[in-house]
Structures are given as structure tokens and as C-alpha cells.
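A.B. asks: I'm passing along work-v4.tsv; it holds TSV, C-alpha atoms.
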```tsv
chain	number	residue	atom	x	y	z
A	11	MET	CA	-1.98	8.26	-28.06
A	12	SER	CA	-4.59	10.52	-26.54
A	13	ASP	CA	-3.89	14.17	-25.91
A	14	ALA	CA	-2.58	14.82	-22.43
A	15	ALA	CA	-5.17	16.05	-20.00
A	16	PRO	CA	-4.36	19.34	-18.33
A	17	GLU	CA	-2.95	18.80	-14.86
A	18	THR	CA	-4.74	20.49	-12.00
A	19	ALA	CA	-4.65	20.26	-8.22
A	20	VAL	CA	-7.78	18.14	-8.39
A	21	ALA	CA	-6.57	15.85	-11.15
A	22	ALA	CA	-3.63	14.38	-9.28
A	23	GLU	CA	-1.85	14.52	-5.99
A	24	THR	CA	1.72	13.87	-4.98
A	25	VAL	CA	1.80	13.69	-1.19
A	26	ALA	CA	4.88	14.88	0.66
A	27	ALA	CA	7.22	12.33	2.17
A	28	PRO	CA	6.49	11.31	5.80
A	29	SER	CA	9.55	13.11	7.08
A	30	GLU	CA	8.13	16.41	5.86
A	31	SER	CA	5.66	18.16	8.11
A	32	SER	CA	3.43	21.20	8.01
A	33	ASP	CA	2.52	23.68	10.70
A	34	ALA	CA	-0.89	24.16	9.12
A	35	GLU	CA	-3.78	23.04	11.30
A	36	PRO	CA	-5.51	20.03	9.69
A	37	ARG	CA	-9.07	20.70	8.57
A	38	PHE	CA	-10.19	17.22	9.62
A	39	LYS	CA	-8.98	15.65	12.87
A	40	GLN	CA	-9.93	12.03	12.19
A	41	ASP	CA	-11.57	9.63	9.77
A	42	PRO	CA	-15.07	11.05	9.30
A	43	THR	CA	-16.51	7.58	8.69
A	44	ILE	CA	-15.85	6.35	12.27
A	45	THR	CA	-19.15	5.31	13.83
A	46	GLU	CA	-20.28	5.50	17.45
A	47	ASP	CA	-20.07	1.72	17.72
A	48	GLU	CA	-16.50	1.75	16.43
A	49	ALA	CA	-15.56	4.55	18.83
A	50	ALA	CA	-16.93	2.49	21.72
A	51	VAL	CA	-14.91	-0.57	20.65
A	52	MET	CA	-11.77	1.57	20.30
A	53	LYS	CA	-12.22	2.78	23.86
A	54	GLU	CA	-12.44	-0.81	25.06
A	55	VAL	CA	-9.39	-1.76	23.01
A	56	LEU	CA	-7.32	1.08	24.47
A	57	SER	CA	-8.13	-0.04	27.99
A	58	ASN	CA	-6.83	-3.54	27.25
A	59	VAL	CA	-3.54	-2.85	25.46
A	60	THR	CA	-0.61	-3.61	27.76
A	61	GLU	CA	1.94	-0.95	28.64
A	62	ASP	CA	4.67	-3.02	27.03
A	63	ASP	CA	2.77	-3.22	23.72
A	64	ALA	CA	1.84	0.46	23.90
A	65	LYS	CA	5.53	1.42	23.71
A	66	TYR	CA	5.63	0.07	20.15
A	67	LEU	CA	2.19	1.27	19.05
A	68	GLN	CA	2.18	4.99	19.81
A	69	ASN	CA	1.44	6.10	16.25
A	70	VAL	CA	-1.59	3.78	16.24
A	71	LEU	CA	-2.96	4.22	19.76
A	72	THR	CA	-2.79	8.02	19.61
A	73	ASN	CA	-4.47	8.21	16.21
A	74	PRO	CA	-8.15	7.11	16.06
A	75	SER	CA	-7.96	6.98	12.26
A	76	ARG	CA	-5.27	4.30	12.49
A	77	LEU	CA	-6.67	2.48	15.50
A	78	VAL	CA	-10.07	2.05	13.86
A	79	LYS	CA	-8.39	0.09	11.07
A	80	TYR	CA	-7.56	-2.69	13.54
A	81	VAL	CA	-11.13	-2.61	14.85
A	82	ARG	CA	-12.57	-2.85	11.35
A	83	ALA	CA	-10.15	-5.58	10.30
A	84	ARG	CA	-11.48	-7.69	13.19
A	85	LYS	CA	-15.11	-6.74	12.57
A	86	LEU	CA	-15.54	-4.74	15.80
A	87	ASP	CA	-14.41	-7.61	18.00
A	88	ALA	CA	-12.40	-5.81	20.71
A	89	LYS	CA	-10.62	-8.93	21.93
A	90	LYS	CA	-9.46	-9.85	18.42
A	91	ALA	CA	-8.41	-6.25	17.73
A	92	VAL	CA	-6.28	-6.26	20.90
A	93	ALA	CA	-4.69	-9.54	19.80
A	94	MET	CA	-3.96	-8.04	16.39
A	95	LEU	CA	-2.33	-5.00	18.01
A	96	HIS	CA	-0.27	-7.30	20.24
A	97	ALA	CA	0.99	-9.12	17.12
A	98	THR	CA	1.95	-5.78	15.52
A	99	ALA	CA	3.79	-4.68	18.68
A	100	LYS	CA	5.66	-7.98	18.70
A	101	PHE	CA	6.49	-7.59	15.00
A	102	ARG	CA	7.77	-4.02	15.48
A	103	ARG	CA	9.85	-5.03	18.49
A	104	LYS	CA	11.38	-8.06	16.75
A	105	LYS	CA	12.15	-6.14	13.54
A	106	ASN	CA	13.35	-3.02	15.37
A	107	HIS	CA	10.89	-0.86	13.47
A	108	SER	CA	10.61	1.95	16.01
A	109	ASP	CA	13.04	4.02	13.94
A	110	LEU	CA	12.42	2.39	10.55
A	111	MET	CA	11.44	5.61	8.77
A	112	THR	CA	14.66	7.38	9.75
A	113	ARG	CA	17.21	4.57	9.37
A	114	PHE	CA	15.89	2.83	6.26
A	115	LYS	CA	16.03	4.09	2.68
A	116	PRO	CA	15.29	1.94	-0.38
A	117	ASN	CA	18.13	1.46	-2.84
A	118	LYS	CA	17.87	3.21	-6.19
A	119	ASP	CA	16.91	0.02	-8.02
A	120	PHE	CA	13.56	0.15	-6.19
A	121	GLU	CA	12.60	3.09	-8.41
A	122	THR	CA	11.53	0.47	-10.97
A	123	VAL	CA	8.77	-0.47	-8.50
A	124	LEU	CA	7.61	2.76	-6.86
A	125	LEU	CA	8.62	6.39	-7.20
A	126	PHE	CA	8.79	8.73	-4.21
A	127	PRO	CA	7.03	10.93	-3.40
A	128	VAL	CA	4.14	8.69	-4.46
A	129	HIS	CA	1.86	10.06	-7.17
A	130	TYR	CA	-1.86	9.51	-6.63
A	131	LEU	CA	-5.05	10.13	-8.56
A	132	ARG	CA	-8.48	10.23	-6.91
A	133	ASP	CA	-11.59	8.10	-6.89
A	134	ARG	CA	-15.09	9.55	-7.08
A	135	ASP	CA	-15.24	9.86	-3.27
A	136	GLY	CA	-12.04	11.91	-3.21
A	137	GLY	CA	-9.93	9.01	-1.93
A	138	LEU	CA	-6.43	8.23	-3.20
A	139	ILE	CA	-5.76	5.84	-6.10
A	140	LEU	CA	-2.40	4.22	-6.76
A	141	TYR	CA	-1.90	2.85	-10.27
A	142	HIS	CA	0.84	0.25	-10.73
A	143	ARG	CA	2.26	-1.57	-13.76
A	144	THR	CA	2.60	-4.80	-11.80
A	145	GLY	CA	3.12	-6.99	-14.87
A	146	HIS	CA	6.49	-5.29	-15.41
A	147	PHE	CA	7.58	-5.63	-11.77
A	148	CYS	CA	10.61	-7.89	-11.30
A	149	GLY	CA	9.91	-9.36	-7.88
A	150	SER	CA	12.14	-12.34	-8.60
A	151	TYR	CA	15.08	-9.91	-8.96
A	152	PHE	CA	14.58	-8.43	-5.50
A	153	CYS	CA	14.25	-11.89	-3.98
A	154	LYS	CA	17.54	-12.87	-5.65
A	155	TYR	CA	19.60	-9.93	-4.41
A	156	TYR	CA	17.95	-9.06	-1.09
A	157	SER	CA	17.25	-11.05	2.05
A	158	VAL	CA	13.72	-11.63	3.34
A	159	ASP	CA	14.50	-9.39	6.34
A	160	TYR	CA	15.45	-6.54	4.00
A	161	LEU	CA	12.27	-7.06	1.97
A	162	ILE	CA	10.16	-7.00	5.14
A	163	ASP	CA	11.73	-3.65	6.05
A	164	LEU	CA	11.14	-2.42	2.50
A	165	VAL	CA	7.46	-3.38	2.47
A	166	ALA	CA	6.88	-1.93	5.96
A	167	TYR	CA	8.62	1.30	4.91
A	168	CYS	CA	6.43	1.65	1.82
A	169	LEU	CA	3.23	0.84	3.70
A	170	GLU	CA	4.07	3.40	6.37
A	171	ILE	CA	4.48	6.00	3.63
A	172	LEU	CA	1.15	5.05	2.03
A	173	THR	CA	-0.60	5.12	5.40
A	174	ASN	CA	0.82	8.53	6.28
A	175	ASP	CA	-0.05	9.88	2.83
A	176	ALA	CA	-3.65	8.73	3.23
A	177	MET	CA	-3.81	10.30	6.70
A	178	ARG	CA	-2.52	13.65	5.46
A	179	HIS	CA	-4.93	13.55	2.54
A	180	MET	CA	-7.79	12.92	4.99
A	181	GLU	CA	-6.70	15.82	7.20
A	182	LYS	CA	-6.75	18.11	4.17
A	183	THR	CA	-9.86	16.88	2.33
A	184	GLY	CA	-11.94	14.78	4.73
A	185	ALA	CA	-11.67	11.71	2.46
A	186	ALA	CA	-11.48	8.44	4.39
A	187	PRO	CA	-7.80	7.36	4.69
A	188	TYR	CA	-7.88	4.33	2.43
A	189	ILE	CA	-6.24	3.70	-0.94
A	190	THR	CA	-7.58	2.10	-4.11
A	191	PHE	CA	-4.94	0.00	-5.87
A	192	VAL	CA	-5.24	-0.56	-9.62
A	193	LEU	CA	-2.74	-3.21	-10.70
A	194	ASP	CA	-2.14	-3.78	-14.42
A	195	LEU	CA	-0.76	-7.28	-15.08
A	196	THR	CA	0.05	-6.67	-18.76
A	197	GLY	CA	3.40	-8.40	-19.38
A	198	TYR	CA	2.98	-10.77	-16.41
A	199	GLY	CA	5.39	-13.71	-16.22
A	200	SER	CA	7.61	-15.63	-13.83
A	201	HIS	CA	9.64	-12.45	-13.21
A	202	VAL	CA	6.84	-10.85	-11.17
A	203	LEU	CA	6.79	-13.01	-8.04
A	204	GLY	CA	9.57	-14.49	-5.97
A	205	PRO	CA	9.35	-17.72	-3.94
A	206	MET	CA	5.85	-18.37	-2.64
A	207	GLY	CA	7.06	-18.45	0.97
A	208	THR	CA	8.48	-14.94	0.61
A	209	THR	CA	5.28	-13.77	-1.06
A	210	GLN	CA	3.24	-15.10	1.86
A	211	THR	CA	5.53	-13.41	4.41
A	212	LEU	CA	5.20	-10.01	2.69
A	213	ILE	CA	1.43	-10.37	2.30
A	214	ASN	CA	1.23	-10.98	6.05
A	215	VAL	CA	3.12	-7.74	6.74
A	216	PHE	CA	0.53	-5.91	4.65
A	217	GLN	CA	-2.64	-7.46	6.04
A	218	ASN	CA	-1.63	-8.11	9.66
A	219	HIS	CA	0.36	-5.00	10.53
A	220	PHE	CA	-1.07	-2.37	8.16
A	221	PRO	CA	-4.73	-3.44	8.16
A	222	GLU	CA	-7.33	-1.62	6.12
A	223	THR	CA	-4.75	0.25	4.07
A	224	MET	CA	-6.65	-0.89	1.01
A	225	LYS	CA	-10.06	0.46	0.10
A	226	ARG	CA	-10.24	-1.88	-2.87
A	227	ALA	CA	-7.92	-3.48	-5.43
A	228	ILE	CA	-8.68	-3.93	-9.12
A	229	ILE	CA	-6.39	-6.39	-10.90
A	230	LEU	CA	-6.50	-5.87	-14.65
A	231	ASN	CA	-5.35	-7.92	-17.66
A	232	ALA	CA	-4.75	-11.05	-15.59
A	233	PRO	CA	-3.49	-13.84	-17.91
A	234	TRP	CA	-4.37	-17.47	-17.38
A	235	ILE	CA	-0.97	-18.18	-15.82
A	236	PHE	CA	-1.67	-15.65	-13.06
A	237	ARG	CA	-5.06	-17.20	-12.38
A	238	ALA	CA	-3.24	-20.44	-11.60
A	239	VAL	CA	-0.91	-18.60	-9.21
A	240	TRP	CA	-3.88	-16.77	-7.70
A	241	THR	CA	-5.42	-20.02	-6.48
A	242	VAL	CA	-2.36	-20.35	-4.21
A	243	VAL	CA	-1.95	-16.68	-3.28
A	244	GLN	CA	-5.56	-16.15	-2.25
A	245	ALA	CA	-5.20	-18.89	0.34
A	246	PHE	CA	-2.84	-16.54	2.22
A	247	LEU	CA	-5.34	-13.69	2.28
A	248	ASP	CA	-7.54	-12.66	5.18
A	249	PRO	CA	-11.20	-12.98	4.05
A	250	VAL	CA	-11.70	-9.23	4.65
A	251	VAL	CA	-8.78	-8.43	2.31
A	252	LYS	CA	-9.79	-11.01	-0.27
A	253	GLY	CA	-13.30	-9.57	-0.41
A	254	LYS	CA	-11.92	-6.20	-1.55
A	255	ILE	CA	-10.13	-7.59	-4.62
A	256	LYS	CA	-11.65	-7.73	-8.09
A	257	MET	CA	-9.76	-9.55	-10.83
A	258	LEU	CA	-10.36	-9.13	-14.56
A	259	GLY	CA	-8.87	-10.38	-17.79
A	260	SER	CA	-8.42	-8.10	-20.78
A	261	LYS	CA	-12.14	-7.36	-21.20
A	262	GLY	CA	-14.15	-4.81	-19.25
A	263	THR	CA	-11.11	-3.21	-17.62
A	264	LEU	CA	-12.10	0.39	-18.27
A	265	LEU	CA	-15.67	-0.19	-17.12
A	266	ALA	CA	-14.38	-1.77	-13.90
A	267	ILE	CA	-12.37	1.35	-13.08
A	268	GLN	CA	-15.12	3.73	-14.22
A	269	GLU	CA	-17.42	2.22	-11.60
A	270	PHE	CA	-15.43	4.18	-9.00
A	271	VAL	CA	-13.33	6.69	-10.96
A	272	ASP	CA	-13.93	9.51	-13.45
A	273	ASP	CA	-12.11	9.41	-16.80
A	274	ASP	CA	-9.78	12.29	-15.94
A	275	GLN	CA	-8.48	10.18	-13.03
A	276	ILE	CA	-7.75	7.14	-15.24
A	277	PRO	CA	-4.40	7.01	-17.09
A	278	VAL	CA	-4.40	7.06	-20.88
A	279	TRP	CA	-2.89	3.59	-21.12
A	280	LEU	CA	-5.95	2.16	-19.35
A	281	GLY	CA	-8.44	4.06	-21.50
A	282	GLY	CA	-8.85	7.28	-19.52
A	283	THR	CA	-7.65	10.81	-20.24
A	284	TYR	CA	-5.05	11.44	-17.53
A	285	GLN	CA	-1.45	11.77	-18.66
A	286	HIS	CA	1.60	13.19	-16.91
A	287	GLY	CA	4.51	14.14	-19.12
A	288	ASP	CA	5.15	13.02	-22.69
A	289	ASP	CA	4.27	9.32	-22.63
A	290	GLU	CA	0.97	7.55	-22.19
A	291	PHE	CA	2.32	5.57	-19.22
A	292	SER	CA	3.15	8.73	-17.22
A	293	SER	CA	6.54	7.16	-16.50
A	294	SER	CA	7.85	10.28	-14.79
A	295	VAL	CA	5.49	9.62	-11.86
A	296	ILE	CA	4.39	5.97	-12.23
A	297	ALA	CA	7.21	3.41	-12.03
A	298	ALA	CA	7.80	1.76	-15.40
A	299	GLY	CA	8.97	-1.56	-14.01
A	300	GLY	CA	11.54	-3.58	-15.90
A	301	MET	CA	14.75	-5.27	-14.84
A	302	PRO	CA	16.93	-3.00	-12.69
A	303	PRO	CA	20.71	-3.17	-12.95
A	304	LYS	CA	22.39	-5.43	-10.38
A	305	PRO	CA	22.43	-3.33	-7.21
A	306	ASP	CA	25.59	-1.72	-5.92
A	307	LEU	CA	24.95	-2.79	-2.36
A	308	PRO	CA	26.46	-0.79	0.51
A	309	SER	CA	28.91	-2.64	2.73
A	310	GLY	CA	27.13	-4.66	5.40
A	311	GLN	CA	23.69	-4.50	3.78
A	312	HIS	CA	21.72	-7.72	3.90
A	313	HIS	CA	21.66	-9.36	0.52
A	314	ILE	CA	21.91	-12.70	-1.21
A	315	GLU	CA	24.60	-13.46	-3.77
```
How does this structure look as C-alpha cells?
C.D. replies:
Amino acid sequence: MSDAAPETAVAAETVAAPSESSDAEPRFKQDPTITEDEAAVMKEVLSNVTEDDAKYLQNVLTNPSRLVKYVRARKLDAKKAVAMLHATAKFRRKKNHSDLMTRFKPNKDFETVLLFPVHYLRDRDGGLILYHRTGHFCGSYFCKYYSVDYLIDLVAYCLEILTNDAMRHMEKTGAAPYITFVLDLTGYGSHVLGPMGTTQTLINVFQNHFPETMKRAIILNAPWIFRAVWTVVQAFLDPVVKGKIKMLGSKGTLLAIQEFVDDDQIPVWLGGTYQHGDDEFSSSVIAAGGMPPKPDLPSGQHHIE
């Protein structure tokens, strides 16, 4: 095991939970990468969103850094961006997501998947990186014990946190509010994914209602069995999303990350020098995965026996 790298404010960042706020004036008001053309399309989009939809889209319509994500996801086509916003408003209304962040809280077993507050490293542009030991994730477990509606709430809750974290990071540093995902598939097996229909539903929440969350995704140590699954999964992906994903086997993984990230921002287990705590997997801040205990579900919570 490599020696642990000294932790500094630059080396890693744990962003406060969305419910926490600061009175400090943000240094940067909006995404500094917004172009004049995008600003013009956003203006057109705003003039075409209905009042009914606007009631469910306030945190998007009042924030240029979030609104531009819809414009970019639809390649500056105002009409398509408006249609995408309409679909998100409909989704939020149907799922009663207006108060999601106050009424919903993941059960403790979800700590095997993601730890809050989320711990990020940084890419060479100063943007956030989220490392994940996806090969140890037991998606089949969550599909067994929780309903699809609960999982939709769970995914939306997590994506709202990631979006807000990226926004706060932008306000503080000026880095564009997008996240690089590095997913390690070491240990991948049938435990990782649930039914393909559920997988497709959750992917659609990600790409249709939280567009442009992802700056890029690097999938590492993908075994042959995942490549077979990938032929099905990629059919669900929007071409814009699919174009941001790079998949590798066990060779060239470190070089793939080093293309965008310095060594002190790459965890020890992937060949870099960053380590938090006593183990090479930084398990105190990066979820270790594994099979959670059967959940002690609160009375009335949606679940499947």
C-alpha cells in the first residue's frame, strides 16, 4: 500500500448537504462557460415555458447554470429544450417531488452505495470527481427490497444533491458545474444490476430530468460479462450521454484517468497517491459496497417482500 497523501483543501472536497446554506456571497454567479448563443436560446426557452410548468421548475428557471443544461442537452434547440423542461415538470408533479429534499431520507443500508456528505476529488480543470466502487454495489438487493417508486425518489434525491454540490463548488471556485464519474467495476457480477426495466427507468431519471450532470464517465475494469450487458444498457442512453462515457478493461486504467486528473486526485487503489484514512480504498469517505443487512423498513414505507 502506498503512503497516504497529505490531505489539503485542494486535494479533496466534501460539499455540505443541500439543506445547509451559507450567508457568504458567492464569488461566481453562474456557469462561466455559458456562451452568448446559449444565453439567447435560454431567453427564448424562458418565454415559452407555460405558467403551469414553471410552478414545478423554479430551481431550474431561476438558475441559468441549471437551465443551460437543458439547452445543451438538446443542442441549443429551444423547442426541444422546452419539451424537455415540460417532461421534467410533469415528472416532478406526478412524483410529488416539490418537497423531495425535505421529506425523503435514504435508509441506512444505502450507505453501502454512497456516503453523505459526498466526498469529491478534482479534475485538472478544478471540476468535481466522484469515484465509485460500482463492482461491489448490490443493485439487485435494492430492487428486491424497495419498490421502483422508492428507487426513483432515491435516485432523484441523490442527483439533486450532486447538482447542488456542483453548483456550490462553481460559486466558490468558478469551475463549471459538472461532475466526472469514475466507476470501478472490479468484482462485477449479477449482484450489481437489478431488472433491466428498472435500470432503464432509473437511467431515464438521470438523463431526462437531471441533464448534463455528467462531465464525463470513465468505466474501469469492465469484465466481459459487463460488456454483454452494456450492449443492452447503451441502447437506453441518449447519444449525448453515451458520447461522454469511456469504457476500459483492466489495462490502461490509470492512463485513462491521468488524461484529466493529477495523481494526487486519484485514489491509491487505482494507482494514484490520494488516500483518506487508514485503508487504500478510503472507505471512510467512499462507500465500500457489499451486501447490506436486510433493511428495517419503517411502517408504511414502500417495499417489496
A.B. asks: By how many Å are atom CA of Asp119 of chain A and atom CA of Tyr284 of chain A apart?
C.D. replies: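 Atom CA of Tyr284 of chain A lies 26.5 Å from atom CA of Asp119 of chain A.
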A.B. asks: Looking at all atoms listed in the file, which of A:His201, A:Phe291, A:Thr183, A:Lys79 is the one that sits closest to Lys39 of chain A?
C.D. replies: A:Thr183
A.B. asks: Which value, in Å to one decimal, gives the distance between atom CA of Ile228 of chain A and atom CA of Ala266 of chain A?
C.D. replies: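 For atom CA of Ile228 of chain A relative to atom CA of Ala266 of chain A, the distance reads 7.7 Å.
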A.B. asks: Kindly give the distance, in Å, that separates atom CA of Ser293 of chain A and atom CA of Leu125 of chain A, rounded to a single decimal.
C.D. replies: 9.6 Å
A.B. asks: Which residues come within 9 Å of Leu138 of chain A, counting only C-alpha atoms, excluding same-chain residues fewer than 2 positions away, as number ranges by chain?
C.D. replies: A: 23, 130-133, 135-136, 140, 175-176, 179, 185, 187-191
A.B. asks: For segment 144-155 of chain A, find every residue with an atom within 6 Å (counting all atoms listed in the file), except residues of its own chain fewer than 5 positions away, and show them as a list of chain:residue names.
C.D. replies: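 Near neighbours after the sequence-gap exclusion: A:Leu193, A:Asp194, A:Leu195, A:Thr196, A:Gly197, A:Tyr198, A:His201, A:Val202, A:Leu203, A:Gly204, A:Gly299, A:Gly300, A:His313, A:Ile314.
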